[in-house]
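Trainee: model.cif is the file, holding mmCIF, C-alpha atoms and all ligand atoms:
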data_protein
#
loop_
_atom_site.label_atom_id
_atom_site.label_comp_id
_atom_site.auth_asym_id
_atom_site.auth_seq_id
_atom_site.Cartn_x
_atom_site.Cartn_y
_atom_site.Cartn_z
CA MET A 1 0.00 0.00 0.00
CA PRO A 2 1.51 3.40 -0.91
CA GLN A 3 1.89 5.86 1.93
CA GLN A 4 2.12 9.64 2.03
CA PHE A 5 4.92 10.84 4.25
CA ILE A 6 7.63 13.46 4.67
CA ALA A 7 11.11 12.06 4.02
CA ARG A 8 14.20 13.84 5.33
CA VAL A 9 17.48 13.92 3.48
CA VAL A 10 20.25 12.02 5.26
CA HIS A 11 22.91 12.95 2.70
CA ALA A 12 23.25 13.72 -0.99
CA ASP A 13 26.51 12.50 -2.54
CA PRO A 14 27.52 13.44 -6.09
CA VAL A 15 28.88 10.27 -7.73
CA LEU A 16 29.30 11.59 -11.28
CA PRO A 17 29.08 15.13 -12.75
CA ALA A 18 25.37 14.58 -13.52
CA ASN A 19 24.41 11.97 -10.89
CA THR A 20 23.83 12.27 -7.17
CA ILE A 21 22.82 9.53 -4.76
CA VAL A 22 20.30 10.90 -2.28
CA ARG A 23 19.62 8.96 0.91
CA LEU A 24 16.25 9.66 2.51
CA ALA A 25 15.10 8.74 6.02
CA VAL A 26 11.65 7.18 5.68
CA PRO A 27 9.25 5.23 7.90
CA ALA A 28 10.57 1.69 8.47
CA GLY A 29 7.35 0.24 7.00
CA VAL A 30 7.98 2.04 3.70
CA ALA A 31 11.48 0.59 3.37
CA ALA A 32 10.15 -2.85 4.32
CA ALA A 33 7.39 -2.72 1.70
CA ALA A 34 9.54 -1.56 -1.23
CA VAL A 35 9.92 -4.02 -4.13
CA PRO A 36 12.67 -3.59 -6.78
CA GLY A 37 11.24 -1.67 -9.75
CA GLN A 38 8.85 0.38 -7.62
CA PHE A 39 9.16 4.15 -7.47
CA LEU A 40 8.28 7.21 -5.41
CA MET A 41 6.49 10.40 -6.44
CA LEU A 42 8.62 13.06 -4.85
CA GLN A 43 7.58 16.68 -4.50
CA SER A 44 10.55 18.97 -4.64
CA GLY A 45 11.07 22.70 -4.56
CA GLY A 46 7.71 23.85 -3.28
CA ARG A 47 5.81 25.13 -6.34
CA ASP A 48 8.71 24.78 -8.79
CA PRO A 49 8.35 22.25 -10.23
CA LEU A 50 4.66 22.08 -9.40
CA LEU A 51 4.20 18.39 -10.18
CA PRO A 52 5.94 15.66 -8.21
CA ARG A 53 8.65 13.66 -10.02
CA PRO A 54 8.94 9.87 -10.21
CA TYR A 55 12.17 8.27 -8.93
CA SER A 56 13.00 4.58 -8.75
CA ILE A 57 14.15 3.07 -5.49
CA MET A 58 17.81 2.05 -5.78
CA ARG A 59 18.21 0.59 -2.30
CA ALA A 60 15.90 0.16 0.70
CA THR A 61 17.30 -0.59 4.14
CA ARG A 62 15.96 -0.98 7.65
CA ALA A 63 17.95 -0.60 10.83
CA ALA A 64 17.16 -0.98 14.49
CA ARG A 65 17.24 2.19 16.56
CA GLU A 66 16.36 3.00 20.12
CA GLY A 67 12.62 2.44 20.52
CA GLY A 68 11.97 0.88 17.13
CA GLU A 69 13.22 0.72 13.58
CA GLU A 70 14.08 3.27 10.93
CA GLY A 71 14.25 3.00 7.18
CA THR A 72 16.26 4.62 4.42
CA LEU A 73 15.78 4.74 0.68
CA ASP A 74 18.57 5.61 -1.78
CA LEU A 75 17.70 7.31 -5.06
CA LEU A 76 20.01 7.87 -8.02
CA VAL A 77 19.17 11.35 -9.27
CA PHE A 78 20.16 12.64 -12.70
CA THR A 79 20.67 16.37 -12.43
CA GLY A 80 20.05 19.03 -15.08
CA GLY A 81 16.28 19.42 -14.64
CA ARG A 82 14.59 21.58 -11.99
CA GLY A 83 13.37 18.81 -9.72
CA GLY A 84 16.55 16.75 -10.03
CA ASN A 85 18.75 19.75 -9.20
CA HIS A 86 16.67 20.69 -6.20
CA LEU A 87 16.95 17.17 -4.81
CA ALA A 88 20.66 16.84 -5.52
CA GLU A 89 21.39 20.18 -3.83
CA ALA A 90 19.41 19.29 -0.69
CA ARG A 91 21.06 19.40 2.73
CA ALA A 92 20.79 16.92 5.58
CA GLY A 93 17.39 17.29 7.25
CA ASP A 94 15.62 18.92 4.28
CA PRO A 95 12.03 17.62 3.99
CA PHE A 96 10.48 16.16 0.82
CA PRO A 97 6.80 15.13 0.64
CA ILE A 98 6.56 11.66 -0.91
CA LEU A 99 3.95 9.20 -2.08
CA GLY A 100 5.09 5.58 -2.38
CA PRO A 101 6.21 2.92 -2.94
CA LEU A 102 4.23 2.93 -6.20
CA GLY A 103 3.83 0.58 -9.15
CA ASN A 104 4.11 -3.18 -9.42
CA GLY A 105 7.87 -3.87 -9.29
CA TYR A 106 9.71 -6.83 -10.81
CA ALA A 107 8.49 -10.35 -10.02
CA ILE A 108 11.14 -12.89 -9.00
CA ASP A 109 10.13 -16.51 -9.53
CA GLY A 110 11.23 -18.57 -6.51
CA ARG A 111 12.60 -21.30 -8.87
CA MET A 112 14.84 -18.91 -10.79
CA ARG A 113 18.55 -19.74 -10.61
CA ARG A 114 20.10 -17.38 -13.19
CA ALA A 115 19.02 -13.90 -14.18
CA LEU A 116 20.19 -11.55 -16.90
CA LEU A 117 19.66 -7.90 -15.94
CA ILE A 118 19.91 -5.09 -18.50
CA ALA A 119 20.32 -1.46 -17.43
CA VAL A 120 20.71 1.69 -19.52
CA GLY A 121 20.86 5.25 -18.14
CA HIS A 122 19.08 5.80 -14.81
CA GLY A 123 17.66 2.28 -15.23
CA ILE A 124 20.75 1.22 -13.32
CA ALA A 125 19.05 2.33 -10.05
CA PRO A 126 16.15 -0.17 -9.99
CA ILE A 127 18.39 -2.81 -11.58
CA ILE A 128 20.80 -2.49 -8.62
CA ALA A 129 17.83 -3.03 -6.28
CA LEU A 130 16.74 -6.07 -8.28
CA ALA A 131 20.27 -7.52 -8.45
CA GLU A 132 20.71 -7.23 -4.68
CA SER A 133 17.33 -8.85 -4.05
CA ALA A 134 18.02 -11.71 -6.50
CA LEU A 135 21.54 -12.30 -5.12
CA ALA A 136 20.13 -12.46 -1.59
CA ARG A 137 17.89 -15.33 -2.78
CA GLY A 138 20.89 -17.21 -4.19
CA VAL A 139 20.25 -16.30 -7.84
CA GLU A 140 23.30 -15.96 -10.12
CA VAL A 141 23.18 -12.50 -11.70
CA VAL A 142 24.77 -11.08 -14.85
CA MET A 143 24.26 -7.35 -15.36
CA LEU A 144 24.64 -5.79 -18.81
CA VAL A 145 25.17 -2.09 -18.22
CA GLY A 146 24.94 0.36 -21.13
CA ALA A 147 26.01 4.00 -21.26
CA PRO A 148 27.07 6.57 -23.86
CA THR A 149 30.65 6.81 -22.51
CA ALA A 150 32.85 5.38 -19.73
CA ALA A 151 32.55 8.73 -17.94
CA SER A 152 28.80 8.31 -17.55
CA LEU A 153 29.03 4.85 -15.91
CA LEU A 154 28.47 4.53 -12.18
CA PRO A 155 31.70 3.63 -10.34
CA LEU A 156 31.99 -0.17 -10.00
CA PRO A 157 32.07 -0.14 -6.15
CA LEU A 158 28.46 1.11 -6.25
CA LEU A 159 27.33 -2.01 -8.10
CA PRO A 160 26.64 -5.34 -6.33
CA GLU A 161 30.03 -7.06 -6.10
CA GLU A 162 28.64 -10.61 -6.37
CA ALA A 163 27.05 -9.88 -9.74
CA GLU A 164 29.01 -10.30 -12.98
CA ILE A 165 29.05 -6.84 -14.57
CA ILE A 166 29.50 -6.45 -18.32
CA VAL A 167 29.70 -2.95 -19.74
CA ALA A 168 28.86 -1.61 -23.19
CA THR A 169 29.52 1.99 -24.23
CA ALA A 170 28.29 3.68 -27.39
CA ASP A 171 31.70 5.28 -28.04
CA GLY A 172 33.72 2.19 -27.08
CA SER A 173 35.50 4.01 -24.24
CA ARG A 174 34.88 1.02 -21.94
CA GLY A 175 33.81 -2.57 -22.48
CA HIS A 176 31.91 -3.61 -25.57
CA HIS A 177 31.79 -0.94 -28.28
CA GLY A 178 28.06 -0.74 -29.07
CA ALA A 179 24.72 -1.48 -27.47
CA VAL A 180 24.00 -3.78 -24.52
CA THR A 181 21.61 -5.71 -26.72
CA ASP A 182 24.56 -6.85 -28.88
CA LEU A 183 25.56 -9.03 -25.91
CA VAL A 184 22.20 -10.63 -25.13
CA ALA A 185 22.49 -13.55 -27.59
CA ASN A 186 25.36 -14.97 -25.45
CA TYR A 187 22.98 -15.39 -22.49
CA ILE A 188 19.71 -16.66 -23.99
CA GLU A 189 20.59 -20.27 -23.19
CA TRP A 190 22.16 -19.39 -19.83
CA THR A 191 19.44 -17.33 -18.19
CA ASP A 192 16.06 -18.30 -16.72
CA ALA A 193 14.68 -14.77 -17.12
CA ILE A 194 15.60 -11.34 -18.45
CA TYR A 195 14.88 -8.10 -16.62
CA ALA A 196 15.39 -4.73 -18.26
CA TYR A 197 15.17 -1.03 -17.45
CA ALA A 198 16.13 0.88 -20.56
CA PRO A 199 14.77 3.17 -23.26
CA GLU A 200 12.21 1.72 -25.67
CA THR A 201 14.76 1.57 -28.51
CA THR A 202 16.66 -0.98 -26.42
CA TYR A 203 13.50 -3.07 -26.06
CA VAL A 204 12.94 -3.05 -29.82
CA ALA A 205 16.50 -4.32 -30.34
CA LEU A 206 16.10 -6.86 -27.52
CA ARG A 207 12.93 -8.22 -29.08
CA GLU A 208 14.70 -8.55 -32.46
CA THR A 209 17.57 -10.45 -30.84
CA LEU A 210 15.21 -12.85 -29.07
CA ARG A 211 13.15 -13.40 -32.21
CA GLY A 212 16.34 -14.22 -34.08
CA TYR A 213 17.27 -17.02 -31.65
CA ARG A 214 17.22 -20.40 -33.40
CA GLY A 215 18.43 -22.67 -30.60
CA ALA A 216 16.57 -25.45 -28.80
CA ARG A 217 15.88 -23.57 -25.55
CA ALA A 218 12.59 -21.72 -24.91
CA ILE A 219 13.11 -17.95 -25.06
CA PRO A 220 13.35 -16.65 -21.48
CA PRO A 221 10.53 -14.36 -20.28
CA VAL A 222 11.39 -10.65 -20.25
CA GLN A 223 10.14 -8.07 -17.76
CA ALA A 224 10.71 -4.54 -19.02
CA ALA A 225 10.16 -1.18 -17.31
CA MET A 226 8.39 1.64 -19.12
CA GLU A 227 8.54 5.35 -18.37
CA ARG A 228 6.16 8.20 -19.04
CA SER A 229 5.87 11.68 -17.58
CA MET A 230 3.62 11.36 -14.54
CA ALA A 231 1.28 13.72 -12.74
CA CYS A 232 -0.55 11.66 -10.08
CA GLY A 233 1.39 8.36 -9.89
CA MET A 234 -1.78 6.56 -8.81
CA GLY A 235 -3.71 5.67 -11.96
CA VAL A 236 -6.10 8.64 -11.70
CA CYS A 237 -5.05 11.21 -14.33
CA LEU A 238 -4.44 8.66 -17.14
CA GLY A 239 -1.53 10.80 -18.28
CA CYS A 240 0.96 7.94 -18.39
CA VAL A 241 -0.72 5.29 -20.53
CA VAL A 242 1.12 2.89 -22.84
CA GLU A 243 -0.32 0.63 -25.49
CA THR A 244 -0.25 -3.10 -24.76
CA THR A 245 -1.65 -6.18 -26.47
CA SER A 246 -4.55 -6.02 -23.98
CA GLY A 247 -5.30 -2.31 -24.41
CA LEU A 248 -4.04 0.91 -22.82
CA LYS A 249 -2.37 0.51 -19.41
CA THR A 250 -1.08 3.09 -16.94
CA VAL A 251 2.66 2.97 -16.33
CA CYS A 252 2.24 4.22 -12.76
CA ARG A 253 -0.29 1.64 -11.53
CA ASP A 254 -0.35 -1.27 -14.02
CA GLY A 255 3.43 -0.91 -14.48
CA PRO A 256 6.08 0.33 -14.65
CA ILE A 257 7.07 -3.31 -15.24
CA PHE A 258 5.40 -5.16 -18.14
CA PRO A 259 6.09 -8.42 -19.94
CA LEU A 260 8.05 -7.38 -23.04
CA ASP A 261 5.68 -9.51 -25.15
CA ALA A 262 2.72 -7.38 -24.01
CA LEU A 263 4.19 -4.03 -25.06
CA VAL A 264 3.25 -2.41 -28.36
CA LEU A 265 6.47 -0.58 -29.15
CA GLY A 266 6.91 2.15 -31.77
C1 LIG B 301 8.84 5.23 -13.11
C2 LIG B 301 9.95 6.24 -13.31
C3 LIG B 301 11.14 6.11 -12.59
C4 LIG B 301 12.17 7.05 -12.76
N1 LIG B 301 13.32 6.88 -12.04
C5 LIG B 301 14.30 7.81 -12.14
C6 LIG B 301 15.50 7.67 -11.37
O1 LIG B 301 15.69 6.71 -10.62
N2 LIG B 301 16.44 8.65 -11.50
C7 LIG B 301 16.26 9.72 -12.35
O2 LIG B 301 17.16 10.58 -12.40
N3 LIG B 301 15.15 9.85 -13.09
C8 LIG B 301 14.17 8.94 -12.99
N4 LIG B 301 13.03 9.07 -13.75
C9 LIG B 301 12.91 10.22 -14.67
C10 LIG B 301 12.62 11.45 -13.86
O3 LIG B 301 11.37 11.34 -13.21
C11 LIG B 301 12.57 12.62 -14.81
O4 LIG B 301 13.83 12.80 -15.38
C12 LIG B 301 12.16 13.82 -14.01
O5 LIG B 301 10.76 13.86 -14.04
C13 LIG B 301 12.73 15.07 -14.54
O6 LIG B 301 12.32 16.09 -13.64
P1 LIG B 301 13.15 17.42 -13.45
O7 LIG B 301 12.29 18.41 -12.76
O8 LIG B 301 14.49 17.11 -12.84
O9 LIG B 301 13.44 17.84 -14.91
P2 LIG B 301 12.54 18.73 -15.85
O10 LIG B 301 13.01 20.14 -15.73
O11 LIG B 301 11.10 18.47 -15.69
O12 LIG B 301 12.99 18.04 -17.22
C14 LIG B 301 14.37 17.84 -17.49
C15 LIG B 301 14.49 16.87 -18.64
O13 LIG B 301 14.01 15.58 -18.24
C16 LIG B 301 13.11 15.08 -19.20
N5 LIG B 301 12.11 14.21 -18.57
C17 LIG B 301 10.99 14.59 -17.90
N6 LIG B 301 10.29 13.51 -17.48
C18 LIG B 301 10.99 12.42 -17.91
C19 LIG B 301 10.78 11.02 -17.80
N7 LIG B 301 9.73 10.48 -17.17
N8 LIG B 301 11.71 10.19 -18.33
C20 LIG B 301 12.77 10.67 -18.96
N9 LIG B 301 13.02 12.00 -19.11
C21 LIG B 301 12.13 12.85 -18.60
C22 LIG B 301 12.47 16.30 -19.80
O14 LIG B 301 12.01 16.00 -21.12
C23 LIG B 301 13.64 17.29 -19.84
O15 LIG B 301 14.44 17.12 -20.98
C24 LIG B 301 12.00 8.16 -13.63
C25 LIG B 301 10.80 8.29 -14.37
C26 LIG B 301 9.79 7.35 -14.20
C27 LIG B 301 8.53 7.50 -14.98
S1 LIG B 302 0.47 9.40 -13.59
FE1 LIG B 302 -1.68 9.69 -13.39
S2 LIG B 302 -2.44 7.83 -14.19
FE2 LIG B 302 -0.32 7.51 -14.18
#
Go ahead and express the file in the form of structure tokens.
Mentor:
Amino acid sequence: MPQQFIARVVHADPVLPANTIVRLAVPAGVAAAAVPGQFLMLQSGGRDPLLPRPYSIMRATRAAREGGEEGTLDLLVFTGGRGGNHLAEARAGDPFPILGPLGNGYAIDGRMRRALLIAVGHGIAPIIALAESALARGVEVVMLVGAPTAASLLPLPLLPEEAEIIVATADGSRGHHGAVTDLVANYIEWTDAIYAYAPETTYVALRETLRGYRGARAIPPVQAAMERSMACGMGVCLGCVVETTSGLKTVCRDGPIFPLDALVLG
């Protein structure tokens, strides 16, 4: 159940020129309820911007404290926009009104043994949450991480150390020179499931790669996150719909995670 609450900034640490990790103190129940792939609607800057902004949960933790428990949520914030800048420039103790956790989150099948995770851009935040959750259940995890350049990749120590990390950069400055989807064919027979958080162009390429597979193994199921600009985050304004094989669905309430097969992509 989503809750409305005031979160307080614990710290905001720049990790790249355009990325800051913001740790928020939240009610313990909120941290306990968060599922990888879920997000928060976060109101920043009073009336500018007027609408709250959606942010994925990168890490949720609970810790004992005198008289009870407290929770924290880490967000990876891309700066450059008004809301993102306001959040990244916050000081310890600053309050932010929040609604969340929202959306469905990724589903992890209890029988899964191997998972291929694909992250591009700020998709790395929920994919870190998913990797940590899967690793804690004993799942072997390979993460394919895509970025324009080496300079825009999160530092490796911020990624789960038990996961195998494979990098692709568009300019070839680190790892594979090209798209993450170029690497997927190597894992179709290895993985039980594919999880992705990436732009829709990546999903189109991923679907092509999977359709081109001619081996004996069944194609693994793919759960893919969609994004749309959001106003309410609760399925009320219908401003965030996407087309699926079973009609229009809201990204905020029906998603943001959908089976790749169900998405009607441009
Ligand atoms: C479910 C979901 C989870 C998200 N998780 C994260 C996250 O973990 N970290 C993060 O940095 N961002 C995340 N985003 C995107 C983030 O919400 C937008 O970048 C944000 O709304 C921009 O707000 P702003 O005020 O900083 O920028 P604005 O001044 O409003 O806009 C700055 C730029 O961001 C673009 N933008 C606006 N909305 C989106 C959007 N939904 N997706 C992509 N670009 C957008 C605008 O076109 C503009 O170019 C998420 C979006 C969704 C829908
Ligand atoms: S943001 Fe209002 S319905 Fe999704």
Trainee: Can I get the residues close to ligand LIG 302 (chain B) as a list of chain:residue names, where close means within 8 Å and we count all atoms listed in the file?
Mentor: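 Sorted by chain and then by number, the residues are A:Arg228, A:Ser229, A:Met230, A:Ala231, A:Cys232, A:Gly233, A:Met234, A:Gly235, A:Val236, A:Cys237, A:Leu238, A:Gly239, A:Cys240, A:Val241, A:Thr250, A:Val251, A:Cys252, A:Arg253.
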Trainee: What do you get as a ChimeraX atom specification if you pick all residues at most 9 Å from ligand LIG 301 (chain B), counting all atoms listed in the file?
Mentor: /A:19-20,37-42,44,48-49,51-58,75-87,102-103,121-126,199,225-230,233,240,251-252,255-257
Trainee: Report as a list of chain:residue names all protein, DNA and RNA residues lying within 9 Å of segment 147-156 of chain A, evaluated on all atoms listed in the file, omitting residues in the same chain fewer than 4 positions from it.
Mentor: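 With the cut-off at 9 Å, the set is A:Val15, A:Leu16, A:Pro17, A:Ala18, A:Asn19, A:Ala119, A:Val120, A:Gly121, A:Ile124, A:Pro160, A:Glu161, A:Ile165, A:Val167, A:Ala168, A:Thr169, A:Ala170, A:Asp171, A:Gly172, A:Ser173, A:Arg174, A:Gly175, A:Ala179, A:Val180.
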Trainee: Determine, counting only C-alpha atoms, every residue of protein, DNA or RNA that lies within 12 Å of (13.0, -2.4, 9.7) in the file coordinates, then give the result as a list in words.
Mentor: Ala25, Val26, Pro27, Ala28, Gly29, Val30, Ala31, Ala32, Ala33, Ala34, Ala60, Thr61, Arg62, Ala63, Ala64, Arg65, Gly67, Gly68, Glu69, Glu70, Gly71, Thr72 and Leu73 of chain A
Trainee: Please produce a file of those selected residues containing C-alpha atoms, as a short mmCIF file (atom, residue, chain, number, x, y, z; two decimals), in the coordinates of the input.
Mentor:
data_model
loop_
_atom_site.label_atom_id
_atom_site.label_comp_id
_atom_site.auth_asym_id
_atom_site.auth_seq_id
_atom_site.Cartn_x
_atom_site.Cartn_y
_atom_site.Cartn_z
CA ALA A 25 15.10 8.74 6.02
CA VAL A 26 11.65 7.18 5.68
CA PRO A 27 9.25 5.23 7.90
CA ALA A 28 10.57 1.69 8.47
CA GLY A 29 7.35 0.24 7.00
CA VAL A 30 7.98 2.04 3.70
CA ALA A 31 11.48 0.59 3.37
CA ALA A 32 10.15 -2.85 4.32
CA ALA A 33 7.39 -2.72 1.70
CA ALA A 34 9.54 -1.56 -1.23
CA ALA A 60 15.90 0.16 0.70
CA THR A 61 17.30 -0.59 4.14
CA ARG A 62 15.96 -0.98 7.65
CA ALA A 63 17.95 -0.60 10.83
CA ALA A 64 17.16 -0.98 14.49
CA ARG A 65 17.24 2.19 16.56
CA GLY A 67 12.62 2.44 20.52
CA GLY A 68 11.97 0.88 17.13
CA GLU A 69 13.22 0.72 13.58
CA GLU A 70 14.08 3.27 10.93
CA GLY A 71 14.25 3.00 7.18
CA THR A 72 16.26 4.62 4.42
CA LEU A 73 15.78 4.74 0.68
#
Trainee: I'd like to know which of A:Ile108, A:Leu50, A:Ala262, A:Val184 is closest to Val145 of chain A, using only C-alpha atoms.
Mentor: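 Once distances to Val145 of chain A are computed over only C-alpha atoms, the minimum belongs to A:Val184.
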Trainee: Taking into account all atoms listed in the file, which residue in the set A:Ile166, A:Met1, A:Leu248, A:Met112 is nearest to Arg137 of chain A?
Mentor: A:Met112
Trainee: Mind giving me the straight-line distance from atom CA of Trp190 of chain A to atom CA of Leu144 of chain A in Å, one decimal?
Mentor: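 Taking atom CA of Trp190 of chain A as the start and atom CA of Leu144 of chain A as the end point, the length is 13.9 Å.
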Trainee: Between atom CA of Pro101 of chain A and atom CA of Pro2 of chain A, what distance in Å does the model show, to one decimal?
Mentor: 5.1 Å
Trainee: Neighbours of Phe96 of chain A within 9 Å (only C-alpha atoms; same-chain residues fewer than 3 positions away dropped), as a ChimeraX atom specification?
Mentor: /A:5-9,24,42-45,87
Trainee: Counting all atoms listed in the file, figure out which residue out of A:Ala12, A:Ala196, A:Ile188, A:Ala163 gets nearest to Ser133 of chain A.
Mentor: A:Ala163
Trainee: Complete the atoms of segment 158-167 of chain A to all heavy atoms and put them out as a compact mmCIF listing (two decimals), keeping the file's coordinate frame.
Mentor:
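The new file result22.txt reads:
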# COMPACT_ATOMS: atom_id res chain seq x y z
N LEU A 158 29.87 0.88 -6.57
CA LEU A 158 28.46 1.11 -6.25
C LEU A 158 27.56 0.00 -6.75
O LEU A 158 26.37 -0.05 -6.46
CB LEU A 158 27.99 2.44 -6.85
CG LEU A 158 28.64 3.69 -6.24
CD1 LEU A 158 28.23 4.93 -7.02
CD2 LEU A 158 28.22 3.83 -4.78
N LEU A 159 28.13 -0.91 -7.55
CA LEU A 159 27.33 -2.01 -8.10
C LEU A 159 27.51 -3.25 -7.22
O LEU A 159 28.54 -3.40 -6.55
CB LEU A 159 27.77 -2.30 -9.54
CG LEU A 159 27.70 -1.10 -10.48
CD1 LEU A 159 28.15 -1.49 -11.88
CD2 LEU A 159 26.29 -0.53 -10.54
N PRO A 160 26.53 -4.16 -7.21
CA PRO A 160 26.64 -5.34 -6.33
C PRO A 160 27.86 -6.18 -6.70
O PRO A 160 28.00 -6.58 -7.86
CB PRO A 160 25.35 -6.11 -6.63
CG PRO A 160 24.48 -5.21 -7.41
CD PRO A 160 25.30 -4.13 -8.01
N GLU A 161 28.76 -6.43 -5.73
CA GLU A 161 30.03 -7.06 -6.10
C GLU A 161 29.88 -8.54 -6.46
O GLU A 161 30.74 -9.08 -7.16
CB GLU A 161 31.10 -6.84 -5.02
CG GLU A 161 30.80 -7.43 -3.68
CD GLU A 161 31.95 -7.14 -2.71
OE1 GLU A 161 32.48 -6.00 -2.72
OE2 GLU A 161 32.29 -8.06 -1.97
N GLU A 162 28.79 -9.19 -6.03
CA GLU A 162 28.64 -10.61 -6.37
C GLU A 162 28.06 -10.82 -7.77
O GLU A 162 28.01 -11.94 -8.26
CB GLU A 162 27.72 -11.30 -5.38
CG GLU A 162 28.27 -11.38 -3.98
CD GLU A 162 27.13 -11.63 -3.01
OE1 GLU A 162 26.49 -12.68 -3.11
OE2 GLU A 162 26.88 -10.75 -2.17
N ALA A 163 27.60 -9.75 -8.39
CA ALA A 163 27.05 -9.88 -9.74
C ALA A 163 28.19 -9.79 -10.76
O ALA A 163 29.18 -9.10 -10.51
CB ALA A 163 26.04 -8.78 -10.01
N GLU A 164 28.05 -10.49 -11.88
CA GLU A 164 29.01 -10.30 -12.98
C GLU A 164 28.55 -9.09 -13.78
O GLU A 164 27.40 -9.05 -14.25
CB GLU A 164 29.05 -11.54 -13.86
CG GLU A 164 30.14 -11.42 -14.92
CD GLU A 164 30.20 -12.64 -15.84
OE1 GLU A 164 29.60 -13.68 -15.51
OE2 GLU A 164 30.84 -12.52 -16.88
N ILE A 165 29.44 -8.10 -13.91
CA ILE A 165 29.05 -6.84 -14.57
C ILE A 165 29.72 -6.78 -15.94
O ILE A 165 30.95 -6.91 -16.03
CB ILE A 165 29.53 -5.60 -13.77
CG1 ILE A 165 29.26 -5.76 -12.27
CG2 ILE A 165 28.97 -4.32 -14.36
CD1 ILE A 165 27.91 -5.47 -11.79
N ILE A 166 28.94 -6.58 -16.98
CA ILE A 166 29.50 -6.45 -18.32
C ILE A 166 29.02 -5.12 -18.89
O ILE A 166 27.82 -4.82 -18.89
CB ILE A 166 29.06 -7.63 -19.20
CG1 ILE A 166 29.63 -8.91 -18.58
CG2 ILE A 166 29.56 -7.47 -20.63
CD1 ILE A 166 29.07 -10.16 -19.12
N VAL A 167 29.99 -4.33 -19.34
CA VAL A 167 29.70 -2.95 -19.74
C VAL A 167 29.72 -2.82 -21.25
O VAL A 167 30.53 -3.46 -21.93
CB VAL A 167 30.77 -2.03 -19.09
CG1 VAL A 167 30.76 -0.65 -19.72
CG2 VAL A 167 30.58 -1.96 -17.59
